[in-house]
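Structure file coords-v2.cif; described as mmCIF, C-alpha atoms.
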data_protein
loop_
_atom_site.label_atom_id
_atom_site.label_comp_id
_atom_site.auth_asym_id
_atom_site.auth_seq_id
_atom_site.Cartn_x
_atom_site.Cartn_y
_atom_site.Cartn_z
CA MET A 200 15.51 -6.39 -21.64
CA LYS A 201 11.81 -5.96 -20.82
CA LEU A 202 9.60 -6.51 -23.86
CA THR A 203 7.33 -3.49 -24.26
CA PRO A 204 5.86 -1.81 -27.34
CA LYS A 205 8.70 0.73 -27.15
CA THR A 206 11.43 -1.93 -26.98
CA MET A 207 9.78 -3.85 -29.83
CA VAL A 208 9.87 -0.70 -31.97
CA THR A 209 13.51 -0.14 -30.96
CA LEU A 210 14.36 -3.73 -31.88
CA LYS A 211 12.62 -3.43 -35.24
CA THR A 212 14.32 -0.06 -35.89
CA THR A 213 17.69 -1.60 -35.03
CA LEU A 214 17.08 -4.50 -37.36
CA LYS A 215 15.93 -2.18 -40.14
CA SER A 216 18.79 0.30 -39.60
CA GLN A 217 21.26 -2.18 -40.97
CA SER A 218 21.71 -1.78 -44.68
CA ASP A 219 18.70 -3.25 -46.45
CA GLU A 220 20.92 -5.88 -47.98
CA TYR A 221 21.74 -7.32 -44.54
CA SER A 222 18.60 -6.42 -42.59
CA LEU A 223 16.74 -9.40 -41.17
CA ILE A 224 13.40 -7.63 -41.57
CA ALA A 225 14.16 -6.67 -45.17
CA ARG A 226 14.91 -10.29 -45.99
CA ILE A 227 11.50 -11.52 -44.86
CA PRO A 228 9.39 -11.82 -48.00
CA THR A 229 6.18 -9.82 -48.01
CA ARG A 230 3.44 -12.40 -47.90
CA PRO A 231 0.00 -12.63 -46.42
CA PHE A 232 0.16 -12.94 -42.64
CA THR A 233 3.56 -11.27 -42.16
CA ALA A 234 1.89 -8.02 -41.12
CA TRP A 235 2.55 -8.92 -37.47
CA LEU A 236 6.03 -7.49 -38.02
CA ASP A 237 4.48 -4.00 -38.15
CA LEU A 238 2.26 -4.40 -35.07
CA PRO A 239 4.78 -2.72 -32.71
CA ASN A 240 4.27 0.45 -34.78
CA ASP A 241 0.50 0.21 -34.15
CA PRO A 242 -0.43 0.88 -37.80
CA ASP A 243 -4.17 0.74 -37.03
CA LYS A 244 -3.80 3.13 -34.03
CA VAL A 245 -5.50 0.65 -31.68
CA VAL A 246 -3.33 1.24 -28.60
CA PRO A 247 -4.70 4.76 -27.93
CA LEU A 248 -8.26 3.41 -28.22
CA ILE A 249 -7.55 0.64 -25.71
CA LYS A 250 -5.86 3.09 -23.32
CA LYS A 251 -8.87 5.41 -23.56
CA PHE A 252 -11.24 2.51 -22.86
CA VAL A 253 -9.19 1.49 -19.81
CA ARG A 254 -9.05 5.08 -18.47
CA GLU A 255 -12.80 5.55 -18.86
CA ARG A 256 -13.76 2.20 -17.31
CA LYS A 257 -11.03 1.79 -14.67
CA GLY A 258 -12.46 0.31 -11.48
CA SER A 259 -15.61 -1.00 -13.19
CA TRP A 260 -14.67 -4.67 -12.90
CA ASP A 261 -13.28 -7.09 -10.35
CA ARG A 262 -12.84 -9.96 -12.79
CA VAL A 263 -12.05 -10.52 -16.46
CA LEU A 264 -13.19 -13.56 -18.45
CA CYS A 265 -11.49 -14.10 -21.80
CA LEU A 266 -13.29 -16.31 -24.26
CA GLY A 267 -10.99 -17.57 -27.00
CA MET A 268 -9.20 -20.50 -28.57
CA GLY A 269 -5.70 -21.05 -29.91
CA GLY A 270 -3.92 -17.79 -30.75
CA SER A 271 -6.78 -15.84 -29.17
CA ALA A 272 -6.07 -17.45 -25.79
CA LEU A 273 -2.54 -18.85 -25.61
CA GLY A 274 -0.74 -15.51 -25.49
CA ILE A 275 -2.97 -14.29 -22.67
CA VAL A 276 -2.43 -17.53 -20.74
CA THR A 277 1.34 -17.29 -21.24
CA LEU A 278 1.53 -13.68 -20.07
CA GLN A 279 -0.69 -14.38 -17.08
CA LYS A 280 1.38 -17.38 -16.01
CA ALA A 281 4.60 -15.41 -16.43
CA PHE A 282 3.59 -12.23 -14.62
CA TYR A 283 0.52 -13.04 -12.46
CA PRO A 284 0.52 -16.80 -11.88
CA PHE A 285 -1.66 -16.74 -8.76
CA ASP A 286 -4.09 -14.00 -9.74
CA ASP A 287 -7.55 -15.48 -10.27
CA ARG A 288 -9.13 -12.18 -11.38
CA LEU A 289 -8.31 -13.16 -14.98
CA LYS A 290 -9.69 -16.42 -16.34
CA VAL A 291 -9.24 -17.67 -19.88
CA LEU A 292 -11.99 -20.03 -21.04
CA ASP A 293 -10.39 -21.88 -23.92
CA ASN A 294 -12.54 -25.01 -24.06
CA LEU A 295 -16.08 -26.23 -23.50
CA ASP A 296 -15.38 -28.28 -20.38
CA SER A 297 -18.71 -28.23 -18.55
CA ASN A 298 -17.09 -28.34 -15.08
CA THR A 299 -14.98 -25.26 -15.82
CA ILE A 300 -17.89 -23.33 -17.30
CA HIS A 301 -20.17 -24.31 -14.40
CA HIS A 302 -17.50 -23.18 -11.91
CA GLU A 303 -17.05 -19.83 -13.68
CA LEU A 304 -20.81 -19.30 -13.77
CA SER A 305 -20.97 -19.94 -10.02
CA LEU A 306 -18.42 -17.14 -9.47
CA LEU A 307 -20.00 -14.79 -11.99
CA LYS A 308 -21.06 -11.32 -10.87
CA PRO A 309 -22.30 -9.79 -14.14
CA GLU A 310 -22.19 -6.22 -12.87
CA ARG A 311 -18.47 -6.57 -11.97
CA THR A 312 -17.19 -8.88 -14.74
CA LEU A 313 -15.58 -7.82 -18.02
CA VAL A 314 -15.98 -10.41 -20.80
CA LEU A 315 -13.51 -10.30 -23.68
CA VAL A 316 -14.79 -12.31 -26.65
CA ILE A 317 -11.84 -13.00 -28.93
CA SER A 318 -12.09 -14.69 -32.33
CA LYS A 319 -10.45 -13.41 -35.48
CA SER A 320 -12.91 -15.24 -37.72
CA GLY A 321 -15.83 -14.51 -35.44
CA THR A 322 -17.10 -18.04 -35.97
CA THR A 323 -14.97 -20.19 -33.63
CA LEU A 324 -17.45 -22.78 -32.31
CA GLU A 325 -16.14 -22.93 -28.73
CA THR A 326 -15.87 -19.16 -28.35
CA MET A 327 -19.31 -18.52 -29.83
CA THR A 328 -20.85 -21.20 -27.58
CA GLN A 329 -19.25 -19.63 -24.49
CA PHE A 330 -20.41 -16.21 -25.68
CA THR A 331 -24.01 -17.43 -26.00
CA ILE A 332 -23.97 -19.04 -22.53
CA LEU A 333 -22.48 -15.98 -20.81
CA LYS A 334 -24.61 -13.41 -22.65
CA GLU A 335 -27.73 -14.97 -21.11
CA LYS A 336 -26.40 -14.24 -17.61
CA PHE A 337 -26.15 -10.46 -18.19
CA SER A 338 -28.90 -7.87 -18.40
CA LYS A 339 -28.98 -5.93 -21.67
CA LYS A 340 -27.35 -2.92 -19.99
CA GLN A 341 -24.62 -5.07 -18.37
CA TYR A 342 -24.06 -6.89 -21.66
CA GLN A 343 -23.52 -3.65 -23.57
CA LYS A 344 -21.21 -2.26 -20.89
CA ASN A 345 -19.24 -5.39 -19.96
CA PHE A 346 -18.71 -7.30 -23.21
CA VAL A 347 -15.81 -6.34 -25.49
CA ILE A 348 -15.39 -7.97 -28.88
CA ILE A 349 -11.93 -8.47 -30.40
CA THR A 350 -12.23 -9.70 -33.97
CA ASP A 351 -11.65 -8.95 -37.66
CA PRO A 352 -12.11 -5.23 -38.36
CA LYS A 353 -14.70 -5.74 -41.12
CA ASP A 354 -15.88 -9.32 -41.51
CA GLY A 355 -17.30 -12.20 -39.48
CA GLU A 356 -20.19 -12.94 -37.17
CA LEU A 357 -18.63 -11.24 -34.13
CA ARG A 358 -18.09 -8.02 -36.11
CA LYS A 359 -21.78 -8.07 -37.05
CA ILE A 360 -22.78 -8.68 -33.42
CA ALA A 361 -20.51 -5.90 -32.13
CA THR A 362 -22.02 -3.44 -34.59
CA GLN A 363 -25.64 -4.55 -34.15
CA ASP A 364 -25.49 -4.69 -30.33
CA LYS A 365 -23.36 -1.52 -30.03
CA LEU A 366 -20.57 -3.27 -28.13
CA THR A 367 -17.06 -1.93 -27.62
CA SER A 368 -14.76 -3.67 -30.06
CA PHE A 369 -11.13 -3.71 -31.10
CA PRO A 370 -9.70 -5.15 -34.31
CA ILE A 371 -7.36 -8.02 -34.98
CA PRO A 372 -5.87 -6.90 -38.31
CA SER A 373 -7.12 -9.06 -41.18
CA GLN A 374 -3.62 -9.77 -42.41
CA VAL A 375 -2.30 -10.96 -39.02
CA GLY A 376 -2.35 -14.73 -38.55
CA GLY A 377 -3.93 -16.18 -35.41
CA ARG A 378 -0.70 -17.27 -33.76
CA PHE A 379 0.59 -13.69 -33.92
CA SER A 380 -2.63 -12.11 -32.67
CA VAL A 381 -1.14 -11.84 -29.17
CA LEU A 382 0.80 -8.86 -30.55
CA SER A 383 -2.47 -7.13 -31.51
CA ALA A 384 -5.46 -5.95 -29.46
CA VAL A 385 -5.71 -9.48 -28.05
#
As structure tokens, what does this structure read like?
Amino acid sequence: MKLTPKTMVTLKTTLKSQSDEYSLIARIPTRPFTAWLDLPNDPDKVVPLIKKFVRERKGSWDRVLCLGMGGSALGIVTLQKAFYPFDDRLKVLDNLDSNTIHHELSLLKPERTLVLVISKSGTTLETMTQFTILKEKFSKKQYQKNFVIITDPKDGELRKIATQDKLTSFPIPSQVGGRFSVLSAV
């Protein structure tokens, strides 16, 4: 079975359709950071916003750089290796290795590169350092068009930057733990 948002909803519906007494979902205690179970239902209505963004900007970029650590990067890396293992149009920068950053800067074409800056807290040292380095390579117009922030919907330094600099942004729900963020806008 191919894992898509529709099949995830079907799976959750199937699990919930069992009597509540026997349902696996019903037996999971409601605690902070279990909200990822509802992400297939898109409770924050993020999927239509992302689809609209993609439709409006399709063909604008030749390359995507993802800046993120841990849960903000590992899901992307896993999906890329599973489905597009030899496609170098997507690069995940998940460390501060100077050789890697120098190499990516040598390939950088700001006018044709989308930069996804992903940090739930908005304060991850490595991600914010990469962000600062890359931002300097873009004109103000390119920066506002080509940088997308994915972070907490209300709090954190990246949320402030996205609002102040008028950047496109998508939320990682506050109640979703980092390791499950791959199921969100990440």
Applied to this file, what does the PyMOL selection byres ((chain A and resi 348) around 12) return in terms of residues, put as JSON, numbers by chain?
{"A": [265, 266, 267, 271, 313, 314, 315, 316, 317, 318, 319, 320, 321, 326, 327, 330, 342, 343, 344, 345, 346, 347, 349, 350, 351, 352, 355, 356, 357, 358, 359, 360, 361, 362, 364, 365, 366, 367, 368, 369, 370, 371, 384, 385]}
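The space separating CA of Ala272 in chain A from CA of Ser338 in chain A comes to 25.8 Å.
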Evaluate the PyMOL selection byres ((chain A and resi 312) around 12) on the structure here and hand back the selected residues as a VMD selection string. chain A and resid 256 258 to 265 288 to 290 303 to 304 306 to 311 313 to 315 333 to 334 336 to 337 341 to 342 344 to 347
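Reported to one decimal place, the separation of CA of Leu295 in chain A from CA of Glu325 in chain A is 6.2 Å.
The smallest atom-to-atom distance between Leu324 in chain A and any of A:Lys353, A:Leu292, A:Met268, A:Gln374, using all atoms listed in the file, is found for A:Met268.
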